[in-house]
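Visitor: What follows is a structure written as structure tokens; I'll ask about it next.
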Amino acid sequence: MEYHAQKIMKTTGKVQQYDYTLIYRRGARRIVLRYDVHGALHASAPYYTPKHEVERFILLSIPKLEKMRKPEASWQPGMELTLSGERITLAFDEHAGKPCLREGKLFVMPGSREEVSGRVKRYYHDATKKRVVPLVDRWCRKLGLTIGRISIRDSHRVWASCSRKGNLNFSLRCAGLGDEDLSYLVLHELDHRVNFNHGPLFHAFLDLHMPDWRLRERHLSAMQPRCDVFGGR
């Protein structure tokens with residue numbers, strides 16, 4: 001799980017029929033392949049890994065890649081979404097001024113794929129802010145901490161981050177998380193107000209205030225593909 005921007009370098013390439021984006025990451029220990037929701041292939045690798053070695057890894061992974069490939073989001077009625085940890089479905093309502101959740105369905109006005117996904121994205125943005133702000137306030141009061149501003153962003157690979165100035169950023173995809181996962185995510189970021197790293201003191205802080213945090217962190221990783229239906233950066 002990645003929370004804070006690392007020093008990265010990006011490049012693109014193609015091997016056989018596979019176009020890919022290669023990201024070199026400091027601290028990475030192995031080559032990792034994934035598809036985004038638009039079907040684009042991404043590879044991450046440790047710094048100084050030769051490009052030909054990455055491409056050889058892609059070729060050797062072809063059977064796995066074919067199984068990994070996900071269909072592009074349809075943005076049609078019946079499409080599955082995740083909200084507050086629960087499965088819901090997308091539905092159209094020509095009279096829906098704003099998206100509305102009723103009986104396990106999120107009703108939005110029909111339109112093009114871009115229009116529908118944009119309406120759902122704005123709903124997720126507002127839902128994330130509505131849930132995150134009181135959680136942050138609750139934890140800050142309990143821990144005796146202060147923060148800067150809270151921002152909700154359209155971030156794709158990062159759930160949340162905390163700057164050195166104490167500004168908190170949350171992905172709008174957090175709307176898909178259940179209450180326990182979201183509470184852990186807020187605590188994780190507030191931990192960085194005390195320990196701006198992921199060292200022993202950082203983990204001791206989590207052990208003290210949320211002893212089962214490791215289970216929640218693993219669940220966050222499992223939830224990422226369910227919550228990430230928008231694609232993006």
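Chain identifiers are assigned as A, B, and so on, following the order in which chains appear in the structure tokens; residues are numbered from 1 within each chain, and ligands are numbered from 1 in order of appearance.
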When DSSP works through the backbone of this structure, what residues of chain A end up as strand (DSSP E or B), shown as a compact mmCIF listing (two decimals) with N, CA and C atoms, in the first residue's frame?
Guide:
```txt
# COMPACT_ATOMS: atom_id res chain seq x y z
N ILE A 8 10.09 8.78 -8.25
CA ILE A 8 9.81 7.81 -9.29
C ILE A 8 10.25 8.36 -10.64
N MET A 9 10.43 7.47 -11.59
CA MET A 9 10.73 7.85 -12.95
C MET A 9 9.86 6.99 -13.86
N LYS A 10 9.19 7.62 -14.82
CA LYS A 10 8.28 6.91 -15.69
C LYS A 10 8.83 6.87 -17.11
N THR A 11 8.50 5.79 -17.80
CA THR A 11 8.80 5.68 -19.22
C THR A 11 7.77 4.73 -19.83
N THR A 12 7.72 4.66 -21.11
CA THR A 12 6.76 3.78 -21.79
C THR A 12 7.51 2.87 -22.75
N GLY A 13 6.84 1.82 -23.16
CA GLY A 13 7.45 0.89 -24.10
C GLY A 13 6.42 -0.08 -24.66
N LYS A 14 6.90 -0.98 -25.51
CA LYS A 14 6.02 -2.00 -26.10
C LYS A 14 6.84 -3.25 -26.34
N VAL A 15 6.28 -4.38 -25.95
CA VAL A 15 6.89 -5.66 -26.23
C VAL A 15 5.81 -6.57 -26.78
N TYR A 18 2.00 -5.82 -26.28
CA TYR A 18 1.76 -5.20 -24.98
C TYR A 18 2.41 -3.81 -24.88
N ASP A 19 1.60 -2.76 -24.97
CA ASP A 19 2.06 -1.42 -24.62
C ASP A 19 2.06 -1.33 -23.09
N TYR A 20 3.05 -0.68 -22.53
CA TYR A 20 3.11 -0.61 -21.07
C TYR A 20 3.71 0.71 -20.62
N THR A 21 3.40 1.08 -19.40
CA THR A 21 4.04 2.20 -18.72
C THR A 21 4.92 1.62 -17.62
N LEU A 22 6.18 2.00 -17.63
CA LEU A 22 7.14 1.49 -16.64
C LEU A 22 7.45 2.58 -15.63
N ILE A 23 7.32 2.25 -14.36
CA ILE A 23 7.61 3.18 -13.28
C ILE A 23 8.75 2.61 -12.43
N TYR A 24 9.86 3.34 -12.37
CA TYR A 24 10.96 2.95 -11.50
C TYR A 24 10.74 3.57 -10.13
N ARG A 25 10.77 2.76 -9.09
CA ARG A 25 10.49 3.24 -7.73
C ARG A 25 11.65 2.92 -6.80
N VAL A 32 6.62 -5.62 -10.62
CA VAL A 32 5.20 -5.89 -10.38
C VAL A 32 4.41 -5.39 -11.59
N LEU A 33 3.47 -6.20 -12.06
CA LEU A 33 2.63 -5.85 -13.20
C LEU A 33 1.19 -5.71 -12.74
N ARG A 34 0.47 -4.76 -13.35
CA ARG A 34 -0.95 -4.60 -13.06
C ARG A 34 -1.63 -3.91 -14.23
N TYR A 35 -2.92 -4.11 -14.35
CA TYR A 35 -3.75 -3.38 -15.30
C TYR A 35 -4.55 -2.33 -14.55
N LEU A 41 -1.58 -1.50 -19.25
CA LEU A 41 -0.63 -2.28 -18.46
C LEU A 41 0.42 -1.36 -17.83
N HIS A 42 0.65 -1.55 -16.53
CA HIS A 42 1.65 -0.79 -15.79
C HIS A 42 2.63 -1.76 -15.16
N ALA A 43 3.90 -1.43 -15.25
CA ALA A 43 4.95 -2.22 -14.60
C ALA A 43 5.72 -1.30 -13.66
N SER A 44 5.98 -1.77 -12.46
CA SER A 44 6.85 -1.03 -11.54
C SER A 44 8.07 -1.91 -11.26
N ALA A 45 9.23 -1.26 -11.13
CA ALA A 45 10.47 -2.01 -10.96
C ALA A 45 11.44 -1.22 -10.11
N PRO A 46 12.40 -1.92 -9.48
CA PRO A 46 13.43 -1.21 -8.72
C PRO A 46 14.28 -0.33 -9.64
N GLU A 80 -21.63 -2.85 -11.00
CA GLU A 80 -21.39 -2.94 -9.57
C GLU A 80 -20.43 -1.84 -9.10
N LEU A 81 -20.76 -1.23 -7.97
CA LEU A 81 -19.93 -0.25 -7.30
C LEU A 81 -19.79 -0.65 -5.84
N THR A 82 -18.86 -0.02 -5.15
CA THR A 82 -18.70 -0.26 -3.71
C THR A 82 -18.80 1.07 -3.00
N LEU A 83 -19.68 1.13 -2.00
CA LEU A 83 -19.89 2.36 -1.24
C LEU A 83 -20.01 2.00 0.23
N GLU A 86 -20.01 -1.67 1.09
CA GLU A 86 -21.10 -2.52 0.61
C GLU A 86 -21.20 -2.47 -0.91
N ARG A 87 -21.61 -3.59 -1.49
CA ARG A 87 -21.86 -3.64 -2.92
C ARG A 87 -23.17 -2.94 -3.25
N ILE A 88 -23.12 -2.05 -4.24
CA ILE A 88 -24.33 -1.41 -4.74
C ILE A 88 -24.29 -1.52 -6.26
N THR A 89 -25.37 -1.13 -6.92
CA THR A 89 -25.40 -1.15 -8.37
C THR A 89 -25.78 0.22 -8.90
N LEU A 90 -25.35 0.49 -10.11
CA LEU A 90 -25.66 1.75 -10.78
C LEU A 90 -27.03 1.65 -11.44
N ALA A 91 -27.80 2.72 -11.36
CA ALA A 91 -29.12 2.77 -11.99
C ALA A 91 -29.32 4.16 -12.59
N PHE A 92 -30.14 4.23 -13.63
CA PHE A 92 -30.42 5.51 -14.28
C PHE A 92 -31.79 6.03 -13.88
N CYS A 100 -28.50 9.79 -6.24
CA CYS A 100 -29.27 9.46 -5.03
C CYS A 100 -29.17 7.97 -4.76
N LEU A 101 -28.86 7.61 -3.52
CA LEU A 101 -28.74 6.21 -3.13
C LEU A 101 -30.06 5.74 -2.52
N ARG A 102 -30.66 4.71 -3.15
CA ARG A 102 -31.91 4.15 -2.65
C ARG A 102 -31.90 2.64 -2.80
N LYS A 105 -29.09 0.96 -4.65
CA LYS A 105 -28.83 1.43 -6.01
C LYS A 105 -28.47 2.91 -5.99
N LEU A 106 -27.47 3.27 -6.79
CA LEU A 106 -27.11 4.68 -6.93
C LEU A 106 -27.73 5.19 -8.23
N PHE A 107 -28.74 6.03 -8.10
CA PHE A 107 -29.45 6.56 -9.26
C PHE A 107 -28.78 7.85 -9.73
N VAL A 108 -28.46 7.88 -11.04
CA VAL A 108 -27.88 9.08 -11.65
C VAL A 108 -28.60 9.33 -12.97
N ILE A 150 -7.99 19.80 4.88
CA ILE A 150 -8.36 18.48 4.38
C ILE A 150 -8.80 18.63 2.93
N SER A 151 -8.20 17.85 2.05
CA SER A 151 -8.54 17.90 0.63
C SER A 151 -8.98 16.52 0.16
N ILE A 152 -9.95 16.51 -0.73
CA ILE A 152 -10.39 15.27 -1.38
C ILE A 152 -9.95 15.34 -2.83
N ARG A 153 -9.16 14.38 -3.25
CA ARG A 153 -8.57 14.42 -4.58
C ARG A 153 -8.92 13.19 -5.41
N ALA A 160 -4.40 7.98 0.70
CA ALA A 160 -4.35 9.23 1.47
C ALA A 160 -2.90 9.61 1.69
N SER A 161 -2.68 10.86 2.12
CA SER A 161 -1.33 11.33 2.42
C SER A 161 -1.41 12.46 3.43
N CYS A 162 -0.28 12.71 4.09
CA CYS A 162 -0.16 13.80 5.06
C CYS A 162 1.12 14.56 4.76
N LEU A 168 -3.96 17.12 5.07
CA LEU A 168 -4.37 15.76 4.79
C LEU A 168 -5.07 15.70 3.44
N ASN A 169 -4.70 14.71 2.64
CA ASN A 169 -5.32 14.49 1.34
C ASN A 169 -5.90 13.09 1.29
N PHE A 170 -7.14 12.97 0.84
CA PHE A 170 -7.80 11.67 0.73
C PHE A 170 -8.31 11.47 -0.68
N SER A 171 -8.18 10.25 -1.17
CA SER A 171 -8.73 9.92 -2.48
C SER A 171 -10.24 9.83 -2.38
```
Visitor: Tell me, which residues of stretch 73-232 of chain A carry DSSP alpha helix (DSSP H), written as a short mmCIF file (atom, residue, chain, number, x, y, z; two decimals) with N, CA, C and O atoms, in the first residue's frame?
Guide:
```cif
data_model
loop_
_atom_site.label_atom_id
_atom_site.label_comp_id
_atom_site.auth_asym_id
_atom_site.auth_seq_id
_atom_site.Cartn_x
_atom_site.Cartn_y
_atom_site.Cartn_z
N ARG A 113 -20.61 7.72 -21.28
CA ARG A 113 -19.79 7.07 -20.26
C ARG A 113 -19.06 8.11 -19.42
O ARG A 113 -19.00 8.00 -18.20
N GLU A 114 -18.52 9.14 -20.08
CA GLU A 114 -17.78 10.18 -19.37
C GLU A 114 -18.70 10.97 -18.45
O GLU A 114 -18.33 11.32 -17.33
N GLU A 115 -19.93 11.26 -18.92
CA GLU A 115 -20.87 12.03 -18.11
C GLU A 115 -21.31 11.24 -16.88
O GLU A 115 -21.36 11.76 -15.77
N VAL A 116 -21.62 9.95 -17.09
CA VAL A 116 -22.09 9.12 -15.98
C VAL A 116 -20.97 8.92 -14.96
O VAL A 116 -21.17 9.07 -13.75
N SER A 117 -19.77 8.58 -15.44
CA SER A 117 -18.66 8.37 -14.51
C SER A 117 -18.33 9.66 -13.76
O SER A 117 -17.99 9.64 -12.58
N GLY A 118 -18.46 10.81 -14.43
CA GLY A 118 -18.23 12.08 -13.78
C GLY A 118 -19.23 12.36 -12.68
O GLY A 118 -18.87 12.89 -11.62
N ARG A 119 -20.50 12.01 -12.90
CA ARG A 119 -21.53 12.21 -11.88
C ARG A 119 -21.28 11.32 -10.66
O ARG A 119 -21.42 11.75 -9.52
N VAL A 120 -20.90 10.08 -10.93
CA VAL A 120 -20.60 9.17 -9.82
C VAL A 120 -19.36 9.64 -9.08
O VAL A 120 -19.31 9.61 -7.85
N LYS A 121 -18.37 10.13 -9.81
CA LYS A 121 -17.14 10.61 -9.19
C LYS A 121 -17.42 11.78 -8.25
O LYS A 121 -16.89 11.84 -7.14
N ARG A 122 -18.28 12.70 -8.69
CA ARG A 122 -18.62 13.84 -7.83
C ARG A 122 -19.36 13.38 -6.58
O ARG A 122 -19.16 13.92 -5.48
N TYR A 123 -20.20 12.36 -6.74
CA TYR A 123 -20.92 11.80 -5.58
C TYR A 123 -19.92 11.20 -4.59
O TYR A 123 -20.03 11.40 -3.38
N TYR A 124 -18.93 10.45 -5.11
CA TYR A 124 -17.92 9.85 -4.25
C TYR A 124 -17.07 10.91 -3.56
O TYR A 124 -16.69 10.74 -2.40
N HIS A 125 -16.78 11.99 -4.27
CA HIS A 125 -16.03 13.09 -3.68
C HIS A 125 -16.76 13.65 -2.47
O HIS A 125 -16.20 13.79 -1.37
N ASP A 126 -18.04 13.95 -2.64
CA ASP A 126 -18.83 14.53 -1.55
C ASP A 126 -19.02 13.53 -0.41
O ASP A 126 -18.98 13.91 0.76
N ALA A 127 -19.23 12.25 -0.77
CA ALA A 127 -19.43 11.23 0.26
C ALA A 127 -18.16 11.03 1.09
O ALA A 127 -18.22 10.85 2.32
N THR A 128 -17.01 11.07 0.43
CA THR A 128 -15.74 10.94 1.16
C THR A 128 -15.55 12.10 2.13
O THR A 128 -15.21 11.88 3.30
N LYS A 129 -15.77 13.31 1.67
CA LYS A 129 -15.60 14.47 2.54
C LYS A 129 -16.55 14.42 3.73
O LYS A 129 -16.17 14.71 4.86
N LYS A 130 -17.80 14.02 3.48
CA LYS A 130 -18.80 13.96 4.53
C LYS A 130 -18.41 12.98 5.63
O LYS A 130 -18.71 13.20 6.81
N ARG A 131 -17.73 11.90 5.27
CA ARG A 131 -17.35 10.89 6.24
C ARG A 131 -15.99 11.16 6.86
O ARG A 131 -15.76 10.88 8.05
N VAL A 132 -15.06 11.69 6.08
CA VAL A 132 -13.69 11.87 6.56
C VAL A 132 -13.58 13.00 7.58
O VAL A 132 -12.90 12.86 8.61
N VAL A 133 -14.22 14.14 7.32
CA VAL A 133 -14.06 15.31 8.17
C VAL A 133 -14.41 15.01 9.64
O VAL A 133 -13.61 15.31 10.54
N PRO A 134 -15.57 14.40 9.95
CA PRO A 134 -15.85 14.11 11.36
C PRO A 134 -14.92 13.06 11.95
O PRO A 134 -14.61 13.10 13.14
N LEU A 135 -14.44 12.11 11.12
CA LEU A 135 -13.49 11.11 11.62
C LEU A 135 -12.17 11.77 12.02
O LEU A 135 -11.59 11.44 13.06
N VAL A 136 -11.69 12.66 11.18
CA VAL A 136 -10.45 13.37 11.49
C VAL A 136 -10.62 14.18 12.78
O VAL A 136 -9.75 14.17 13.66
N ASP A 137 -11.74 14.87 12.89
CA ASP A 137 -11.99 15.68 14.09
C ASP A 137 -12.03 14.81 15.34
O ASP A 137 -11.45 15.15 16.37
N ARG A 138 -12.67 13.65 15.23
CA ARG A 138 -12.79 12.74 16.38
C ARG A 138 -11.42 12.23 16.82
O ARG A 138 -11.08 12.24 18.00
N TRP A 139 -10.60 11.79 15.85
CA TRP A 139 -9.28 11.28 16.19
C TRP A 139 -8.36 12.40 16.71
O TRP A 139 -7.57 12.18 17.62
N CYS A 140 -8.47 13.59 16.11
CA CYS A 140 -7.62 14.70 16.57
C CYS A 140 -7.91 15.04 18.03
O CYS A 140 -6.99 15.30 18.82
N ARG A 141 -9.19 15.04 18.39
CA ARG A 141 -9.55 15.34 19.78
C ARG A 141 -9.04 14.25 20.71
O ARG A 141 -8.56 14.53 21.81
N LYS A 142 -9.13 13.03 20.28
CA LYS A 142 -8.67 11.91 21.12
C LYS A 142 -7.16 11.92 21.28
O LYS A 142 -6.64 11.63 22.37
N LEU A 143 -6.44 12.27 20.21
CA LEU A 143 -4.98 12.20 20.23
C LEU A 143 -4.32 13.53 20.62
O LEU A 143 -3.10 13.58 20.82
N ASP A 179 -16.51 1.68 7.51
CA ASP A 179 -16.16 2.59 8.60
C ASP A 179 -14.84 2.21 9.28
O ASP A 179 -14.03 3.09 9.60
N GLU A 180 -14.60 0.92 9.51
CA GLU A 180 -13.38 0.50 10.20
C GLU A 180 -12.15 0.78 9.35
O GLU A 180 -11.12 1.25 9.87
N ASP A 181 -12.23 0.47 8.06
CA ASP A 181 -11.09 0.73 7.17
C ASP A 181 -10.81 2.22 7.09
O ASP A 181 -9.64 2.65 7.13
N LEU A 182 -11.85 3.03 6.99
CA LEU A 182 -11.67 4.47 6.87
C LEU A 182 -11.10 5.05 8.17
O LEU A 182 -10.25 5.95 8.14
N SER A 183 -11.54 4.53 9.30
CA SER A 183 -11.02 4.99 10.58
C SER A 183 -9.53 4.69 10.70
O SER A 183 -8.74 5.52 11.16
N TYR A 184 -9.13 3.50 10.27
CA TYR A 184 -7.70 3.15 10.28
C TYR A 184 -6.92 4.08 9.35
O TYR A 184 -5.83 4.56 9.71
N LEU A 185 -7.46 4.36 8.17
CA LEU A 185 -6.76 5.22 7.23
C LEU A 185 -6.53 6.61 7.82
O LEU A 185 -5.44 7.18 7.68
N VAL A 186 -7.53 7.14 8.49
CA VAL A 186 -7.39 8.46 9.13
C VAL A 186 -6.32 8.40 10.22
O VAL A 186 -5.45 9.27 10.32
N LEU A 187 -6.37 7.36 11.06
CA LEU A 187 -5.37 7.22 12.11
C LEU A 187 -3.96 7.09 11.53
O LEU A 187 -3.01 7.68 12.05
N HIS A 188 -3.84 6.33 10.44
CA HIS A 188 -2.54 6.16 9.79
C HIS A 188 -1.96 7.52 9.39
O HIS A 188 -0.78 7.80 9.65
N GLU A 189 -2.78 8.35 8.78
CA GLU A 189 -2.28 9.66 8.35
C GLU A 189 -1.99 10.57 9.54
O GLU A 189 -1.01 11.32 9.52
N LEU A 190 -2.81 10.52 10.56
CA LEU A 190 -2.54 11.35 11.75
C LEU A 190 -1.29 10.89 12.49
O LEU A 190 -0.62 11.68 13.16
N ASP A 191 -0.97 9.62 12.37
CA ASP A 191 0.27 9.09 12.95
C ASP A 191 1.46 9.87 12.38
O ASP A 191 2.46 10.13 13.08
N PRO A 200 9.73 2.14 13.52
CA PRO A 200 9.22 1.46 14.72
C PRO A 200 8.29 2.32 15.56
O PRO A 200 7.29 1.83 16.09
N LEU A 201 8.59 3.61 15.71
CA LEU A 201 7.72 4.48 16.51
C LEU A 201 6.36 4.67 15.84
O LEU A 201 5.34 4.76 16.52
N PHE A 202 6.37 4.72 14.53
CA PHE A 202 5.12 4.83 13.77
C PHE A 202 4.24 3.61 14.07
O PHE A 202 3.04 3.74 14.37
N HIS A 203 4.81 2.41 13.99
CA HIS A 203 4.04 1.19 14.23
C HIS A 203 3.62 1.06 15.69
O HIS A 203 2.53 0.55 15.99
N ALA A 204 4.47 1.52 16.60
CA ALA A 204 4.12 1.49 18.03
C ALA A 204 2.91 2.38 18.30
O ALA A 204 2.04 2.04 19.12
N PHE A 205 2.84 3.51 17.62
CA PHE A 205 1.70 4.43 17.76
C PHE A 205 0.42 3.72 17.32
O PHE A 205 -0.62 3.80 18.00
N LEU A 206 0.47 3.02 16.19
CA LEU A 206 -0.71 2.28 15.71
C LEU A 206 -1.07 1.15 16.67
O LEU A 206 -2.26 0.92 16.94
N ASP A 207 -0.07 0.44 17.17
CA ASP A 207 -0.32 -0.65 18.13
C ASP A 207 -1.07 -0.13 19.35
O ASP A 207 -1.96 -0.80 19.88
N LEU A 208 -0.70 1.07 19.78
CA LEU A 208 -1.31 1.64 20.99
C LEU A 208 -2.77 2.03 20.76
O LEU A 208 -3.62 1.75 21.60
N HIS A 209 -3.05 2.64 19.64
CA HIS A 209 -4.38 3.22 19.43
C HIS A 209 -5.32 2.34 18.60
O HIS A 209 -6.53 2.56 18.62
N TRP A 213 -4.63 -3.00 13.67
CA TRP A 213 -4.42 -2.21 12.46
C TRP A 213 -3.86 -3.02 11.32
O TRP A 213 -4.13 -2.73 10.14
N ARG A 214 -3.10 -4.06 11.59
CA ARG A 214 -2.52 -4.87 10.50
C ARG A 214 -3.62 -5.58 9.70
O ARG A 214 -3.51 -5.69 8.47
N LEU A 215 -4.65 -6.04 10.38
CA LEU A 215 -5.77 -6.66 9.67
C LEU A 215 -6.47 -5.64 8.78
O LEU A 215 -6.85 -5.93 7.64
N ARG A 216 -6.62 -4.44 9.29
CA ARG A 216 -7.30 -3.40 8.51
C ARG A 216 -6.46 -2.97 7.31
O ARG A 216 -6.99 -2.68 6.25
N GLU A 217 -5.14 -2.95 7.50
CA GLU A 217 -4.27 -2.58 6.39
C GLU A 217 -4.33 -3.61 5.28
O GLU A 217 -4.38 -3.27 4.09
N ARG A 218 -4.36 -4.89 5.65
CA ARG A 218 -4.49 -5.94 4.64
C ARG A 218 -5.83 -5.84 3.92
O ARG A 218 -5.92 -6.06 2.71
N HIS A 219 -6.86 -5.49 4.68
CA HIS A 219 -8.18 -5.36 4.06
C HIS A 219 -8.22 -4.18 3.10
O HIS A 219 -8.90 -4.24 2.07
N LEU A 220 -7.51 -3.11 3.42
CA LEU A 220 -7.42 -1.98 2.50
C LEU A 220 -6.86 -2.41 1.16
O LEU A 220 -7.36 -2.01 0.10
N SER A 221 -5.82 -3.22 1.18
CA SER A 221 -5.22 -3.70 -0.06
C SER A 221 -6.22 -4.53 -0.86
O SER A 221 -6.28 -4.43 -2.08
N ALA A 222 -6.99 -5.33 -0.16
CA ALA A 222 -8.00 -6.15 -0.84
C ALA A 222 -9.12 -5.30 -1.41
O ALA A 222 -9.72 -5.65 -2.43
N MET A 223 -9.40 -4.18 -0.78
CA MET A 223 -10.50 -3.32 -1.22
C MET A 223 -10.13 -2.44 -2.41
O MET A 223 -11.01 -1.93 -3.11
N GLN A 224 -8.85 -2.25 -2.65
CA GLN A 224 -8.44 -1.30 -3.68
C GLN A 224 -9.05 -1.59 -5.06
O GLN A 224 -9.61 -0.68 -5.69
N PRO A 225 -8.97 -2.84 -5.57
CA PRO A 225 -9.58 -3.06 -6.90
C PRO A 225 -11.09 -2.88 -6.91
O PRO A 225 -11.67 -2.52 -7.94
N ARG A 226 -11.75 -3.10 -5.77
CA ARG A 226 -13.20 -2.90 -5.72
C ARG A 226 -13.57 -1.42 -5.74
O ARG A 226 -14.60 -1.04 -6.30
N CYS A 227 -12.72 -0.60 -5.13
CA CYS A 227 -13.03 0.84 -5.03
C CYS A 227 -12.52 1.61 -6.25
O CYS A 227 -12.99 2.72 -6.51
#
```
Visitor: Report the distance between atom CA of A:Ile58 and atom CA of A:Glu72 in Å, rounded to one decimal place.
Guide: 21.2 Å
Visitor: In Å, how far is it from atom CA of A:Leu145 to atom CA of A:Arg193?
Guide: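 These atoms are spaced 7.6 Å apart.
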Visitor: To one decimal in Å, tell me the separation between atom CA of A:Asn195 and atom CA of A:Leu172.
Guide: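 According to the coordinates, atom CA of A:Asn195 and atom CA of A:Leu172 are separated by 24.9 Å.
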Visitor: Looking at A:Gln16, A:Ser112, A:Gly148, A:Gly176, which one is nearest to A:Leu60, with distances taken over only C-alpha atoms?
Guide: A:Gln16
Visitor: Let me make sure I understand: among A:Gly178, A:Gly166, A:Pro211, A:Gly27, which one has the smallest atom-to-atom distance to A:Tyr48 if we use only C-alpha atoms?
Guide: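 Answer, going by the shortest atom-to-atom distance: A:Gly27.
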Visitor: Kindly indicate which residue among A:Val158, A:Gly78, A:His192, A:Ile31 lies nearest to A:Phe57, using only C-alpha atoms for the distances.
Guide: A:Ile31
